[in-house]
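Inspection log for the structure reproduced underneath, given as structure tokens.
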Amino acid sequence: MCLAIPAKVVAIDAAADQATVALGGVSKQVSLALVDDVAPGDYVLVHVGYALNTICPEEAERTLAIIAEAGAALEGSV
Amino acid sequence: MGRSERRFPLRLDVQRGAVDMTHGSGGRAMAQLVDELFKRHLDNDLLRQGNDQALFLPPPGRLVISTDGHVISPVFFPGGDIGCLSVHGTINDVAMAGARPLYLAAGFILEEGLPLADLARVVESMARAANAAGVPVVTGDTKVVERGKADGVFVTTTGVGVVPDGVTISGDLARPGDRILVSGSMGDHGVAVMSKRENLGFETEIESDTAALHGLVAAMVEAVPGIHCLRDPTRGGLATTLNELAQQSGVGMEIRESAIPVHPEVVAACELLGLDPLYVANEGKLVAICAPEDAEPLLRAMHSHPLGIGAAIIGEATEDPHQFVQMETGFGGQRIVDWLAGEQLPRIC
Amino acid sequence: MKYVDDFRDQSLARRLARALAAEAEQGREYRLMEFCGGHTHAIFRYGVQDLMPANVRFVHGPGCPVCVLPTARIDQAIALTESHGVTLCTYADLMRVPGGDRRSLLKAKAQGADVRMVYSTQDALALARANPGRRVVFFAIGFETTTPPTAVALRQARAEELANFSVFCNHVLTPPALRTILASDAPDAVSIDGILGPSHVSTVIGSRPYEFVPRDFAKPVVIAGFEPLDVMQSALMLVRQLNERRCEVENQYTRAVTPEGNRKAQALMDETFALRESFEWRGLGRLPCSALRIADTYSKLDAERRFPVGLGESRQVKGCECPSILRGVKRPTDCKLFGTACTPENPMGSCMVSSEGACAAYWTYGRFRALQATEPGRAA
């Protein structure tokens with residue numbers, strides 16, 4: 001639950017255990033204290049100033065594909 | 001030798017000086033502040049007369065007067081400052097009646113300790129905005145309060161204008177079937193200001209949209225003299241303005257989320273903070289409501305003006321005893337766009 | 001915005017709507033509880049219900065940490081600032097929640113209490129570092145999504161020997177609350193056919209902790225992502241499970257949720273928190289092993305131990321139906337106070353003051369529906 005937004009990791013400050021993340025042209029500093037092995041280009045969920053988890057791009061694609069399939073067979077029918 | 005050099009042996013130290021209590025006492029220090037800082041930058045014929053009031057002959061037509069207090073913090077923000085904001089804000093309130101703004105009056109409440117350099121920057125910005133708009137600040141007042149009793153500087157501006165014959169624009173004139181338009185992207189000002197607030201800490205290129213809209217309004221009124229309503233969606237954003245107009249006119253509204261222009265960066269900043277762009281303040285945009293047959297000509301007139309390039313038709317007024325503002329979401333469902341409850345605060349949940 | 005806009009796509013929404021309409025069996029009711037307040041908010045904000053067939057309905061659950069916080073805890077927080085002169089740092093969500101005597105943190109602040117709104121526990125730590133003369137207390141609330149950030153702050157504060165920092169802990173747990181709702185044999189207990197599991201709690205705890213739901217209650221669970229398309233797809237997956245008489249935990253939010261969850265976050269929580277024997281939940285009563293307190297090894301950072309404040313009784317406004325609404329037994333429109341004495345400007349109970357409470361969500365986004373239901377002939 002709770003508001004967590006996907007954002008792209010742009011830069012890492014390993015010493016401070018922080019990263020700069022960007023979402024639609026807006027950037028923010030977040031703490032990396034709750035995640036491991038994050039690299040620039042990865043997407044993370046941002047919640048109250050922390051990266052909570054990474055987002056798996058392959059699973060995201062797969063989910064969208066499954067959604068797109070649902071009802072596709074019904075297209076054209078009433 | 002200028003008059004002020006005879007009156008005040010030492011020039012005001014704008015670089016390193018600060019406002020102190022003597023600047024508000026009515027004595028020599030205050031006179032010098034007014035002369036060397038305010039009058040120097042805001043300079044115009046009426047101000048030069050040196051009276052406590054400005055005397056003028058009003059042009060023919062119905063007069064409009066409006067006033068606004070500005071307490072914005074921070075005083076300097078991306079795209080503007082309290083100086084130009086106060087000029088634009090009052091010009092816009094006057095213009096929303098379809099009026100041509102004539103003059104401004106400006107009252108300043110200064111906090112003891114405010115650096116003169118900051119004050120000079122604010123006043124210079126006001127002067128630039130007033131000159132660019134062709135609406136001079138012709139009279140003013142200054143008071144000083146103790147440290148801690150004001151956020152640097154508070155500004156109150158009052159404006160007068162004149163409405164041409166044949167133009168009647170008012171918030172209670174919307175009718176079912178009327179079209180609702182906005183002049184451009186929503187939420188820029190609020191996001192720009194919030195990005196400067198330390199504890200929300202995000203960086204963005206978004207700048208305030210603060211602007212004087214009287215030129216745009218003049219072009220709109222020329223194309224469609226029968227415009228029903230005009231209002232600028234400042235505090236509380238588009239949502240609040242639409243609800244105000246709906247209530248004043250006794251109509252409902254149906255708008256489409258996908259038609260409302262919002263910069264991607266504003267969308268993103270609002271996502272991050274859990275805010276809704278519909279409730280975020282604007283300072284250089286307006287909402288217009290007109291008869292259905294006037295919508296296309298009005299839109300064309302707006303598009304041909306630099307401040308209306310992003311204009312769009314976003315919905316219609318409807319017959320609704322509950323005066324709801326309903327919206328078709330970008331997702332395809334329905335929701336209402338309600339009045340703002342309290343202050344919009346960023347949420348975690 | 002990547003991973004956001006894609007999951008709000010209108011044409012994909014229409015496809016899912018068609019699939020739901022085709023697969024939901026005629027004459028059968030599907031009552032799906034979305035546990036999480038964030039889902040409640042999304043459903044109303046995007047108007048998801050409009051795209052669902054009429055026989056697939058959402059029942060709103062108690063997964064809103066602001067909504068389940070008893071008024072006595074707000075009173076305690078205010079007392080911390082008034083009796084002990086602490087600087088209280090809080091998330092914005094709590095600022096307007098009325099306490100027992102209708103005072104909120106915002107009102108207390110207006111009367112001189114030192115209450116600061118923060119976006120992150122990091123802000124509270126920074127405040128404590130910058131002001132060694134102030135005693136800074138962080139008002140911690142939230143389910144398992146928001147608990148790890150508090151754990152990080154506790155650990156950092158101890159490592160830095162930040163003597164002036166402490167935490168007033170109100171963190172609560174999802175599985176016990178879910179169990180309470182499902183186990184309820186009260187006469188007015190709502191019948192639920194399936195559960196939409198929370199998105200971000202699950203990124204932390206994983207999908208395994210929900211296995212008790214099919215096992216002990218024979219109800220299917222689908223862990224749902226946060227966006228409206230995720231919610232619709234999850235509803236479709238539940239409908240399919242029910243049609244096929246399957247009963248298992250499925251994960252729709254695979255892009256962020258794994259069976260084990262975030263181990264690092266879990267380890268931090270295990271280190272800094274301990275289980276409370278019981279905790280009072282607004283609307284659900286006193287639940288055993290359902291909430292966290294600060295671990296003994298971190299006792300110096302526990303505001304409840306450092307600043308003893310008597311725990312008063314939680315008072316409820318007469319006529320307030322929050323307890324029933326939180327359990328999904330009543331709807332906002334069933335409460336006599338809804339929209340009359342109780343509105344977002346003047347909230348009587350937490351369901352209205354939190355933007356995720358069912359009442360606030362319904363009032364802010366959906367109250368036109370009730371009125372249109374009584375006016376035949378009006379287009380929805």
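Every chain in the structure tokens has a letter given in the order shown (A, B, ...), and although residue numbers restart at 1 in each chain, ligands are simply numbered from 1 in the order shown.
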
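For region 55-125 of chain C, the set of residues given alpha helix (DSSP H) by DSSP on the backbone reads Thr71, Ala72, Arg73, Ile74, Asp75, Gln76, Ala77, Ile78, Ala79, Leu80, Thr81, Glu82, Ser83, Leu105, Leu106, Lys107, Ala108, Lys109, Ala110, Thr121, Gln122, Asp123, Ala124 and Leu125 of chain C.
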
Take the residues just selected and output them with N, CA and C atoms as an mmCIF file, in the first residue's frame.
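Saved result, part.cif, follows:
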data_model
loop_
_atom_site.group_PDB
_atom_site.id
_atom_site.type_symbol
_atom_site.label_atom_id
_atom_site.label_comp_id
_atom_site.auth_asym_id
_atom_site.auth_seq_id
_atom_site.Cartn_x
_atom_site.Cartn_y
_atom_site.Cartn_z
ATOM 1 N N THR C 71 -7.776 7.666 18.244
ATOM 2 C CA THR C 71 -7.643 9.089 18.575
ATOM 3 C C THR C 71 -6.692 9.302 19.749
ATOM 4 N N ALA C 72 -6.645 8.327 20.668
ATOM 5 C CA ALA C 72 -5.766 8.478 21.842
ATOM 6 C C ALA C 72 -4.304 8.657 21.444
ATOM 7 N N ARG C 73 -3.897 8.059 20.333
ATOM 8 C CA ARG C 73 -2.497 8.181 19.898
ATOM 9 C C ARG C 73 -2.209 9.597 19.401
ATOM 10 N N ILE C 74 -3.205 10.214 18.747
ATOM 11 C CA ILE C 74 -3.049 11.621 18.331
ATOM 12 C C ILE C 74 -2.916 12.491 19.579
ATOM 13 N N ASP C 75 -3.786 12.221 20.568
ATOM 14 C CA ASP C 75 -3.743 12.983 21.818
ATOM 15 C C ASP C 75 -2.375 12.844 22.472
ATOM 16 N N GLN C 76 -1.835 11.624 22.461
ATOM 17 C CA GLN C 76 -0.511 11.393 23.042
ATOM 18 C C GLN C 76 0.543 12.211 22.319
ATOM 19 N N ALA C 77 0.457 12.225 21.004
ATOM 20 C CA ALA C 77 1.443 12.976 20.221
ATOM 21 C C ALA C 77 1.374 14.462 20.555
ATOM 22 N N ILE C 78 0.155 14.990 20.663
ATOM 23 C CA ILE C 78 0.000 16.407 21.023
ATOM 24 C C ILE C 78 0.549 16.645 22.424
ATOM 25 N N ALA C 79 0.264 15.696 23.339
ATOM 26 C CA ALA C 79 0.762 15.829 24.713
ATOM 27 C C ALA C 79 2.290 15.856 24.755
ATOM 28 N N LEU C 80 2.913 15.109 23.857
ATOM 29 C CA LEU C 80 4.377 15.121 23.803
ATOM 30 C C LEU C 80 4.887 16.528 23.555
ATOM 31 N N THR C 81 4.190 17.266 22.681
ATOM 32 C CA THR C 81 4.663 18.621 22.396
ATOM 33 C C THR C 81 4.305 19.568 23.527
ATOM 34 N N GLU C 82 3.170 19.327 24.169
ATOM 35 C CA GLU C 82 2.711 20.286 25.179
ATOM 36 C C GLU C 82 3.302 20.011 26.553
ATOM 37 N N SER C 83 3.306 18.744 26.970
ATOM 38 C CA SER C 83 3.853 18.449 28.302
ATOM 39 C C SER C 83 5.356 18.327 28.308
ATOM 40 N N LEU C 105 -3.111 17.920 15.053
ATOM 41 C CA LEU C 105 -1.743 18.436 15.130
ATOM 42 C C LEU C 105 -1.680 19.824 14.504
ATOM 43 N N LEU C 106 -2.441 20.025 13.446
ATOM 44 C CA LEU C 106 -2.442 21.328 12.777
ATOM 45 C C LEU C 106 -2.979 22.410 13.711
ATOM 46 N N LYS C 107 -4.060 22.074 14.432
ATOM 47 C CA LYS C 107 -4.636 23.046 15.362
ATOM 48 C C LYS C 107 -3.688 23.294 16.532
ATOM 49 N N ALA C 108 -3.053 22.218 17.012
ATOM 50 C CA ALA C 108 -2.100 22.373 18.126
ATOM 51 C C ALA C 108 -0.947 23.261 17.682
ATOM 52 N N LYS C 109 -0.515 23.080 16.424
ATOM 53 C CA LYS C 109 0.571 23.901 15.881
ATOM 54 C C LYS C 109 0.168 25.366 15.869
ATOM 55 N N ALA C 110 -1.091 25.627 15.455
ATOM 56 C CA ALA C 110 -1.568 27.004 15.428
ATOM 57 C C ALA C 110 -1.577 27.609 16.828
ATOM 58 N N THR C 121 11.847 10.240 6.904
ATOM 59 C CA THR C 121 12.514 10.127 8.212
ATOM 60 C C THR C 121 13.892 10.794 8.149
ATOM 61 N N GLN C 122 14.483 10.854 6.964
ATOM 62 C CA GLN C 122 15.770 11.531 6.806
ATOM 63 C C GLN C 122 15.675 13.009 7.186
ATOM 64 N N ASP C 123 14.537 13.617 6.885
ATOM 65 C CA ASP C 123 14.335 15.030 7.247
ATOM 66 C C ASP C 123 14.322 15.186 8.767
ATOM 67 N N ALA C 124 13.668 14.226 9.445
ATOM 68 C CA ALA C 124 13.587 14.298 10.910
ATOM 69 C C ALA C 124 14.987 14.148 11.518
ATOM 70 N N LEU C 125 15.775 13.228 10.957
ATOM 71 C CA LEU C 125 17.160 13.050 11.434
ATOM 72 C C LEU C 125 17.958 14.326 11.230
#

Could you list, as a list in words, every residue within 6 Å of region 46-51 of chain A, counting only C-alpha atoms and ignoring same-chain residues fewer than 4 positions away?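 Once the nearby chain positions are removed, what remains is Ala4, Ile5, Val30, Ser31 and Leu32 of chain A; Tyr119 and Ser120 of chain C.
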
Using only C-alpha atoms, tabulate the residues of chain C lying at most 8 Å from any atom of chain B, each with its closest atom pair and that distance in Å to one decimal, by chain and increasing residue number, as CSV.
residue,atom,partner,partner_atom,distance
C:Met1,CA,B:Ala268,CA,7.2
C:Arg8,CA,B:Phe331,CA,6.0
C:Asp9,CA,B:Phe331,CA,6.4
C:Gln10,CA,B:Phe331,CA,4.7
C:Ala13,CA,B:Phe331,CA,7.0
C:Gly37,CA,B:Cys349,CA,7.4
C:Gly38,CA,B:Cys349,CA,6.0
C:Phe44,CA,B:Arg335,CA,6.9
C:Arg45,CA,B:Arg335,CA,6.4
C:Tyr46,CA,B:Thr329,CA,5.7
C:Gly47,CA,B:Gly333,CA,4.0
C:Val48,CA,B:Gly333,CA,5.7
C:Gln49,CA,B:Gly333,CA,7.3
C:Asp50,CA,B:Gly333,CA,5.3
C:Leu51,CA,B:Gly333,CA,6.5
C:Cys64,CA,B:Cys349,CA,7.6
C:Tyr91,CA,B:Ile348,CA,7.1
C:Ala92,CA,B:Leu345,CA,5.8
C:Asp93,CA,B:Arg347,CA,5.4
C:Val118,CA,B:Asn199,CA,6.5
C:Tyr119,CA,B:Leu200,CA,6.4
C:Asp123,CA,B:Asn199,CA,7.0
C:Pro228,CA,B:Phe331,CA,7.8
C:Pro344,CA,B:Ala341,CA,5.8
C:Glu345,CA,B:Ala341,CA,5.4
C:Glu356,CA,B:Cys349,CA,7.2
C:Thr364,CA,B:Asp338,CA,5.7
C:Tyr365,CA,B:Ile336,CA,4.7
C:Gly366,CA,B:Arg335,CA,5.6
C:Arg367,CA,B:Ile336,CA,7.6
C:Phe368,CA,B:Ile336,CA,7.0

Got a sec to pull out which chain A residues are within 7 Å of chain C, counting only C-alpha atoms, and send them as a ChimeraX atom specification? /A:1-3,6,23-24,33-35,48-50,53-57,59-60,67-68,70-72

Write out as a ChimeraX atom specification the residues lying within 12 Å of Gly113 (chain B), counting only C-alpha atoms and excluding same-chain residues fewer than 2 positions away. /B:16-23,110-111,115-119,144-153

Mind checking which residues fall within 8 Å of Ala54 (chain B), counting only C-alpha atoms, ignoring those fewer than 4 positions away in the same chain, and posting them as a PyMOL selection string? chain B and resi 46-47+138-139

Just-selected residues, C-alpha atoms written as a PDB file, in the first residue's frame:
ATOM      1  CA  LEU B  46       2.188  60.668 -11.127  1.00  0.00           C
ATOM      2  CA  LEU B  47       4.680  59.205  -8.695  1.00  0.00           C
ATOM      3  CA  VAL B 138       1.369  55.619  -9.134  1.00  0.00           C
ATOM      4  CA  THR B 139       1.160  55.645  -5.354  1.00  0.00           C
TER       5      THR B 139
END
